[in-house]
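Chemist: File follows, structure.cif with mmCIF, C-alpha atoms:
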data_start
loop_
_atom_site.label_atom_id
_atom_site.label_comp_id
_atom_site.auth_asym_id
_atom_site.auth_seq_id
_atom_site.Cartn_x
_atom_site.Cartn_y
_atom_site.Cartn_z
CA LEU A 18 82.30 38.96 -37.54
CA ARG A 19 79.66 38.37 -34.90
CA PHE A 20 76.20 37.21 -35.71
CA TYR A 21 73.09 35.89 -34.00
CA GLY A 22 72.25 32.54 -35.49
CA HIS A 23 70.10 29.47 -35.40
CA ILE A 24 70.32 26.05 -36.94
CA ALA A 25 67.90 25.08 -39.70
CA ALA A 26 67.12 21.47 -40.48
CA ALA A 27 67.16 20.59 -44.16
CA ARG A 28 65.57 17.38 -45.42
CA ARG A 29 67.31 15.61 -48.25
CA PRO A 30 65.23 14.08 -51.06
CA GLU A 31 66.03 10.56 -49.74
CA GLY A 32 64.58 11.45 -46.34
CA LYS A 33 67.79 12.08 -44.39
CA THR A 34 68.13 15.28 -42.45
CA ARG A 35 71.17 17.54 -42.53
CA LEU A 36 71.76 20.67 -40.50
CA LEU A 37 72.40 23.96 -42.27
CA THR A 38 74.43 25.87 -39.70
CA ARG A 39 75.23 29.51 -39.86
CA ARG A 40 78.92 29.98 -40.35
CA PRO A 41 80.85 32.84 -38.78
CA LEU A 42 82.78 35.01 -41.21
CA GLU A 43 86.43 35.87 -40.82
CA GLN A 44 87.09 38.88 -38.59
CA LEU A 45 88.04 41.79 -40.86
CA GLN A 46 88.63 45.48 -40.30
CA CYS A 47 87.05 48.28 -42.31
CA LYS A 48 88.07 51.88 -42.87
CA GLN A 49 85.71 54.78 -43.25
CA ILE A 50 86.27 56.36 -46.65
CA SER A 51 83.49 58.93 -46.71
CA HIS A 52 83.28 61.92 -44.39
CA THR A 53 79.94 62.90 -45.92
CA ARG A 54 78.32 59.55 -45.05
CA PRO A 55 79.77 58.54 -41.67
CA VAL A 56 77.43 55.56 -41.36
CA TYR A 57 78.90 53.86 -44.41
CA ARG A 58 82.26 52.14 -44.13
CA TYR A 59 83.72 50.23 -47.04
CA CYS A 60 86.21 47.39 -46.93
CA LYS A 61 86.60 45.15 -49.97
CA PRO A 62 87.44 41.93 -48.05
CA VAL A 63 84.40 42.38 -45.80
CA ASN A 64 82.08 43.10 -48.71
CA GLU A 65 83.37 40.07 -50.57
CA ALA A 66 83.01 37.86 -47.48
CA LEU A 67 79.40 38.94 -47.06
CA MET A 68 78.68 38.34 -50.73
CA LYS A 69 80.29 34.90 -50.52
CA GLU A 70 77.90 34.11 -47.68
CA ALA A 71 74.95 35.15 -49.84
CA ILE A 72 76.27 32.95 -52.64
CA ARG A 73 76.68 30.02 -50.22
CA LEU A 74 73.05 30.45 -49.24
CA SER A 75 72.08 30.32 -52.91
CA LEU A 76 73.72 26.93 -53.30
CA GLU A 77 73.32 24.75 -50.20
CA PRO A 78 69.53 25.02 -49.66
CA MET A 79 68.95 24.76 -53.42
CA ARG A 80 70.90 21.50 -53.46
CA GLU A 81 68.69 20.28 -50.61
CA GLY A 82 65.58 20.95 -52.67
CA LEU A 83 64.43 23.87 -50.51
CA GLY A 84 63.97 26.42 -53.29
CA GLY A 85 65.56 28.32 -56.13
CA PRO A 86 69.25 29.28 -56.50
CA PHE A 87 69.18 32.59 -54.65
CA GLY A 88 70.65 33.78 -51.35
CA ALA A 89 70.89 37.09 -49.49
CA VAL A 90 72.17 38.62 -46.28
CA VAL A 91 71.45 41.89 -44.50
CA ALA A 92 74.39 43.34 -42.59
CA ARG A 93 75.14 46.39 -40.49
CA GLU A 94 78.75 47.40 -39.83
CA SER A 95 79.92 43.97 -41.05
CA THR A 96 77.61 42.07 -38.68
CA ILE A 97 75.04 39.84 -40.35
CA LEU A 98 71.54 40.49 -39.00
CA GLY A 99 69.52 38.45 -41.47
CA ARG A 100 70.09 35.54 -43.81
CA GLY A 101 67.74 34.29 -46.47
CA TRP A 102 67.48 31.77 -49.22
CA ASN A 103 64.72 31.19 -51.71
CA LYS A 104 61.87 29.24 -50.06
CA VAL A 105 59.15 29.67 -52.67
CA THR A 106 58.59 25.96 -53.29
CA SER A 107 59.40 24.59 -49.82
CA ALA A 108 57.20 27.14 -48.02
CA SER A 109 54.51 27.31 -50.74
CA ASP A 110 54.98 31.08 -50.62
CA PRO A 111 55.58 33.01 -53.85
CA THR A 112 56.85 35.98 -51.81
CA ALA A 113 59.53 33.96 -49.98
CA HIS A 114 62.43 35.22 -52.07
CA ALA A 115 65.86 35.27 -50.47
CA GLU A 116 65.91 39.06 -50.09
CA ILE A 117 62.46 39.13 -48.48
CA VAL A 118 63.41 36.36 -46.05
CA ALA A 119 66.63 38.17 -45.09
CA ILE A 120 64.77 41.47 -44.57
CA ARG A 121 62.16 39.80 -42.37
CA GLU A 122 64.83 38.17 -40.25
CA ALA A 123 66.84 41.38 -39.87
CA CYS A 124 63.74 43.36 -38.91
CA GLY A 125 62.85 40.71 -36.35
CA MET A 126 66.36 40.80 -34.94
CA LEU A 127 66.31 44.59 -34.55
CA GLY A 128 62.64 44.89 -33.63
CA THR A 129 61.98 47.51 -36.28
CA PHE A 130 60.52 47.87 -39.76
CA ARG A 131 63.34 50.17 -40.91
CA LEU A 132 66.82 48.94 -41.76
CA ASP A 133 68.64 52.27 -41.85
CA GLY A 134 72.39 51.77 -41.74
CA CYS A 135 72.12 48.27 -43.20
CA GLU A 136 73.22 46.82 -46.52
CA MET A 137 71.85 44.01 -48.66
CA TYR A 138 74.08 41.43 -50.30
CA ALA A 139 72.21 39.33 -52.86
CA SER A 140 73.57 36.50 -54.97
CA CYS A 141 71.58 37.86 -57.92
CA GLU A 142 70.08 41.18 -58.98
CA PRO A 143 66.73 41.42 -57.15
CA CYS A 144 63.40 41.04 -58.88
CA PRO A 145 60.92 43.96 -58.89
CA MET A 146 59.15 42.67 -55.76
CA CYS A 147 62.40 42.43 -53.82
CA MET A 148 63.59 45.81 -55.07
CA GLY A 149 60.37 47.29 -53.72
CA ALA A 150 60.96 45.62 -50.36
CA ILE A 151 64.55 46.90 -50.25
CA TYR A 152 63.33 50.45 -50.82
CA TRP A 153 60.54 50.11 -48.24
CA ALA A 154 63.00 48.72 -45.69
CA ARG A 155 65.18 51.83 -46.19
CA LEU A 156 68.38 49.85 -46.68
CA ASP A 157 71.41 52.07 -47.31
CA ARG A 158 72.99 50.09 -50.11
CA LEU A 159 72.54 47.04 -52.34
CA TYR A 160 75.23 44.73 -53.68
CA PHE A 161 74.44 41.90 -56.08
CA ALA A 162 76.53 39.28 -57.89
CA ALA A 163 74.73 37.76 -60.89
CA THR A 164 72.63 40.04 -63.10
CA ARG A 165 68.97 39.82 -64.14
CA GLU A 166 70.23 38.63 -67.54
CA ASP A 167 72.08 35.77 -65.84
CA ALA A 168 68.87 34.85 -64.00
CA ALA A 169 66.88 34.95 -67.24
CA ALA A 170 69.35 32.53 -68.82
CA ALA A 171 68.64 30.13 -65.95
CA GLY A 172 64.88 30.37 -66.47
CA PHE A 173 64.05 33.24 -64.10
CA ASP A 174 63.00 36.04 -66.44
CA ASP A 175 61.91 39.11 -64.44
CA GLU A 176 62.36 41.50 -67.33
CA TRP A 177 58.73 41.22 -68.40
CA ILE A 178 57.63 42.26 -64.88
CA TYR A 179 59.84 45.35 -65.07
CA ARG A 180 58.18 46.17 -68.39
CA GLU A 181 54.68 45.51 -67.06
CA ILE A 182 55.12 47.85 -64.10
CA SER A 183 56.01 50.71 -66.42
CA LEU A 184 52.77 50.29 -68.40
CA PRO A 185 49.40 51.87 -67.55
CA PRO A 186 47.04 49.39 -65.83
CA ASP A 187 44.86 48.88 -68.89
CA ALA A 188 47.89 47.87 -70.97
CA ARG A 189 49.21 45.17 -68.64
CA ARG A 190 48.79 41.43 -69.05
CA LEU A 191 47.05 41.19 -65.68
CA PRO A 192 43.46 42.37 -66.08
CA SER A 193 42.62 44.98 -63.47
CA ALA A 194 39.72 47.29 -62.76
CA GLN A 195 38.93 49.96 -60.19
CA LEU A 196 36.00 49.29 -57.86
CA LEU A 197 34.36 51.13 -54.95
CA ARG A 198 36.93 53.93 -54.69
CA ILE A 199 34.51 56.12 -52.71
CA LEU A 200 34.29 53.46 -50.00
CA ALA A 201 38.07 53.13 -49.74
CA LEU A 202 38.79 56.84 -49.29
CA PRO A 203 37.60 57.20 -45.64
CA ALA A 204 40.37 54.87 -44.39
CA LEU A 205 42.97 57.04 -46.10
CA ALA A 206 41.40 60.24 -44.77
CA GLU A 207 41.29 58.82 -41.25
CA TRP A 208 44.93 57.82 -41.52
CA ARG A 209 45.92 61.35 -42.49
CA SER A 210 44.33 62.78 -39.34
CA LYS A 211 45.28 59.92 -37.00
CA PRO A 212 47.37 61.58 -34.25
CA ASP A 213 49.22 58.48 -33.09
CA LYS A 214 50.06 56.97 -36.48
CA ILE A 215 53.49 55.49 -37.03
CA LEU A 216 54.85 56.64 -40.35
CA TYR A 217 56.70 54.19 -42.55
#
Please re-express this file's structure in structure tokens.

Modeler:
Amino acid sequence: LRFYGHIAAARRPEGKTRLLTRRPLEQLQCKQISHTRPVYRYCKPVNEALMKEAIRLSLEPMREGLGGPFGAVVARESTILGRGWNKVTSASDPTAHAEIVAIREACGMLGTFRLDGCEMYASCEPCPMCMGAIYWARLDRLYFAATREDAAAAGFDDEWIYREISLPPDARRLPSAQLLRILALPALAEWRSKPDKILY
């Protein structure tokens, strides 16, 4: 498999620096199995190789103290376009989940905000935030290894967020209130009539 890569420096706790290099995956052939979805080609060895890469990314940076135990890749036709690992603690960014990082990198590689024709391979079932990003990015398909229950057992319980989202705003743990709606509406109205807007 071909990929476009870079080398990331990882600092060990004792101060030494090690390089996390992007590893090429074994060249594998896929067969198209669906005539109704010509973009999608499935090949078990390729899918497993891509998932193994996501799992590798969940382990190596975590061992270097760079974040939580999660990794993800975005691929199109077996070529990896984006890699990500959890950087929440190392980047001081609560949105820097592996899936988000991989999506950002793939979008930067392709120069687009849509990832049509691409697939996500995540080492664990995505959290609600990452699921939203996957939908917004228009990825074709999602594969994940560990489940949300497995993550909860390791101390990452997203289930309560799934429950919160389904509740009306006044029933959620996070206090929220509506303010100045009338002042916010003109921006939405202007967007609707904007002739050169780029839909997403």

Chemist: Evaluated on this file, the PyMOL selection byres ((chain A and resi 126) around 12) picks out some residues - which ones are they, written as JSON, numbers by chain?

Modeler: {"A": [20, 21, 22, 23, 91, 92, 93, 96, 97, 98, 99, 100, 119, 120, 121, 122, 123, 124, 125, 127, 128, 129, 130, 131, 132]}

Chemist: Would you save the residues of that selection, restricted to C-alpha atoms, as a PDB file, keeping the file's coordinate frame?

Modeler:
ATOM      1  CA  PHE A  20      76.200  37.210 -35.710  1.00  0.00           C
ATOM      2  CA  TYR A  21      73.090  35.890 -34.000  1.00  0.00           C
ATOM      3  CA  GLY A  22      72.250  32.540 -35.490  1.00  0.00           C
ATOM      4  CA  HIS A  23      70.100  29.470 -35.400  1.00  0.00           C
ATOM      5  CA  VAL A  91      71.450  41.890 -44.500  1.00  0.00           C
ATOM      6  CA  ALA A  92      74.390  43.340 -42.590  1.00  0.00           C
ATOM      7  CA  ARG A  93      75.140  46.390 -40.490  1.00  0.00           C
ATOM      8  CA  THR A  96      77.610  42.070 -38.680  1.00  0.00           C
ATOM      9  CA  ILE A  97      75.040  39.840 -40.350  1.00  0.00           C
ATOM     10  CA  LEU A  98      71.540  40.490 -39.000  1.00  0.00           C
ATOM     11  CA  GLY A  99      69.520  38.450 -41.470  1.00  0.00           C
ATOM     12  CA  ARG A 100      70.090  35.540 -43.810  1.00  0.00           C
ATOM     13  CA  ALA A 119      66.630  38.170 -45.090  1.00  0.00           C
ATOM     14  CA  ILE A 120      64.770  41.470 -44.570  1.00  0.00           C
ATOM     15  CA  ARG A 121      62.160  39.800 -42.370  1.00  0.00           C
ATOM     16  CA  GLU A 122      64.830  38.170 -40.250  1.00  0.00           C
ATOM     17  CA  ALA A 123      66.840  41.380 -39.870  1.00  0.00           C
ATOM     18  CA  CYS A 124      63.740  43.360 -38.910  1.00  0.00           C
ATOM     19  CA  GLY A 125      62.850  40.710 -36.350  1.00  0.00           C
ATOM     20  CA  LEU A 127      66.310  44.590 -34.550  1.00  0.00           C
ATOM     21  CA  GLY A 128      62.640  44.890 -33.630  1.00  0.00           C
ATOM     22  CA  THR A 129      61.980  47.510 -36.280  1.00  0.00           C
ATOM     23  CA  PHE A 130      60.520  47.870 -39.760  1.00  0.00           C
ATOM     24  CA  ARG A 131      63.340  50.170 -40.910  1.00  0.00           C
ATOM     25  CA  LEU A 132      66.820  48.940 -41.760  1.00  0.00           C
TER      26      LEU A 132
END

Chemist: To verify the selection step, state as number ranges by chain which residues the PyMOL selection byres ((chain A and resi 73) around 12) yields on this input.

Modeler: A: 37-40, 42, 66-72, 74-80, 86-90, 100-102, 138-140

Chemist: To one decimal place in Å, what is the distance between atom CA of A:Leu159 and atom CA of A:Met137?

Modeler: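 Straight-line distance from atom CA of A:Leu159 to atom CA of A:Met137 works out to 4.8 Å.
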
Chemist: Applied to this file, what does the PyMOL selection byres ((chain A and resi 163) around 8) return in terms of residues, put as a list in words?

Modeler: Ser140, Cys141, Glu142, Phe161, Ala162, Thr164, Arg165, Asp167 and Ala168 of chain A

Chemist: Quick one: pull the distance between atom CA of A:Arg209 and atom CA of A:Ile182, Å, one decimal.

Modeler: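 Between atom CA of A:Arg209 and atom CA of A:Ile182 the gap is 27.1 Å.
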
Chemist: I'd like the interatomic distance between atom CA of A:Ala204 and atom CA of A:Cys147, to a tenth of an Å.

Modeler: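 These two atoms are separated by 27.0 Å.
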
Chemist: Find, counting only C-alpha atoms, the residue in A:Ile178, A:Ala150, A:Leu205, A:Val105 that gets nearest to A:Ile117.

Modeler: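 Counting only C-alpha atoms, the residue closest to A:Ile117 is A:Ala150.
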
Chemist: For each of A:Ser183, A:Gln195, A:Ser95, A:Arg155, take the minimum atom-to-atom distance to A:Tyr217, counting only C-alpha atoms, then give the residue where this is smallest.

Modeler: A:Arg155

Chemist: From the set A:Glu116, A:Trp177, A:Arg158, A:Leu202, which residue has the shortest atom-to-atom contact distance to A:Cys135, counting only C-alpha atoms?

Modeler: A:Arg158

Chemist: Tell me which of A:Ile215, A:Ala201, A:Pro143, A:Leu184 sits closest to A:Ala169, counting only C-alpha atoms.

Modeler: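 Distance minimum relative to A:Ala169 lands on A:Pro143.
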
Chemist: Check the smallest atom-to-atom distance from each of A:Pro111, A:Gly134, A:Ala170, A:Lys104 to A:Met146 using only C-alpha atoms, then report the winner.

Modeler: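 Result for the nearest residue to A:Met146: A:Pro111.
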
Chemist: What are the centre and edge lengths in Å, to one decimal, of the axis-aligned box around all listed atoms of stretch 112-120 of chain A with 8 Å added on each side, as AutoDock Vina command-line options?

Modeler:
--center_x 61.7 --center_y 37.7 --center_z -48.3 --size_x 25.8 --size_y 23.5 --size_z 23.5

Chemist: Take stretch 195-213 of chain A from the block and save it with N, CA, C and O atoms, as a CSV table (one decimal), in the first residue's frame.

Modeler:
chain,number,residue,atom,x,y,z
A,195,GLN,N,-31.3,29.4,26.3
A,195,GLN,CA,-31.3,30.1,25.1
A,195,GLN,C,-31.2,31.6,25.3
A,195,GLN,O,-32.0,32.2,26.1
A,196,LEU,N,-30.4,32.3,24.5
A,196,LEU,CA,-30.2,33.8,24.7
A,196,LEU,C,-30.2,34.4,23.3
A,196,LEU,O,-29.5,33.9,22.4
A,197,LEU,N,-30.8,35.6,23.1
A,197,LEU,CA,-30.6,36.5,22.0
A,197,LEU,C,-30.9,35.8,20.6
A,197,LEU,O,-30.2,36.0,19.7
A,198,ARG,N,-31.9,34.9,20.6
A,198,ARG,CA,-32.2,34.2,19.3
A,198,ARG,C,-32.4,35.2,18.2
A,198,ARG,O,-32.0,35.0,17.1
A,199,ILE,N,-33.1,36.3,18.4
A,199,ILE,CA,-33.5,37.2,17.4
A,199,ILE,C,-32.3,37.8,16.7
A,199,ILE,O,-32.3,38.2,15.6
A,200,LEU,N,-31.2,38.0,17.5
A,200,LEU,CA,-30.0,38.5,17.0
A,200,LEU,C,-29.2,37.5,16.2
A,200,LEU,O,-28.4,37.9,15.3
A,201,ALA,N,-29.4,36.2,16.4
A,201,ALA,CA,-28.7,35.2,15.7
A,201,ALA,C,-29.3,34.8,14.4
A,201,ALA,O,-28.6,34.3,13.5
A,202,LEU,N,-30.6,35.1,14.2
A,202,LEU,CA,-31.3,34.7,13.0
A,202,LEU,C,-30.8,35.4,11.7
A,202,LEU,O,-30.8,34.7,10.7
A,203,PRO,N,-30.4,36.6,11.7
A,203,PRO,CA,-30.0,37.3,10.5
A,203,PRO,C,-28.8,36.5,9.8
A,203,PRO,O,-28.8,36.5,8.5
A,204,ALA,N,-27.9,36.0,10.5
A,204,ALA,CA,-26.7,35.3,9.9
A,204,ALA,C,-27.3,34.1,9.2
A,204,ALA,O,-26.8,33.7,8.1
A,205,LEU,N,-28.2,33.4,9.8
A,205,LEU,CA,-28.8,32.2,9.1
A,205,LEU,C,-29.6,32.6,7.9
A,205,LEU,O,-29.5,31.9,6.8
A,206,ALA,N,-30.3,33.7,8.0
A,206,ALA,CA,-31.1,34.1,6.8
A,206,ALA,C,-30.2,34.6,5.7
A,206,ALA,O,-30.4,34.3,4.5
A,207,GLU,N,-29.1,35.3,6.0
A,207,GLU,CA,-28.1,35.7,5.0
A,207,GLU,C,-27.5,34.5,4.4
A,207,GLU,O,-27.2,34.5,3.1
A,208,TRP,N,-27.2,33.5,5.1
A,208,TRP,CA,-26.6,32.3,4.6
A,208,TRP,C,-27.5,31.6,3.6
A,208,TRP,O,-27.0,31.2,2.5
A,209,ARG,N,-28.8,31.6,3.9
A,209,ARG,CA,-29.7,30.9,3.0
A,209,ARG,C,-29.7,31.6,1.6
A,209,ARG,O,-29.9,31.0,0.6
A,210,SER,N,-29.6,32.9,1.6
A,210,SER,CA,-29.6,33.7,0.3
A,210,SER,C,-28.3,34.0,-0.3
A,210,SER,O,-28.2,34.6,-1.3
A,211,LYS,N,-27.2,33.5,0.4
A,211,LYS,CA,-25.9,33.8,-0.1
A,211,LYS,C,-25.6,33.0,-1.4
A,211,LYS,O,-25.6,31.8,-1.4
A,212,PRO,N,-25.4,33.7,-2.5
A,212,PRO,CA,-25.3,33.0,-3.8
A,212,PRO,C,-24.0,32.2,-4.0
A,212,PRO,O,-24.0,31.2,-4.8
A,213,ASP,N,-23.0,32.5,-3.3
A,213,ASP,CA,-21.7,31.8,-3.5
A,213,ASP,C,-21.3,30.9,-2.4
A,213,ASP,O,-20.2,30.6,-2.2
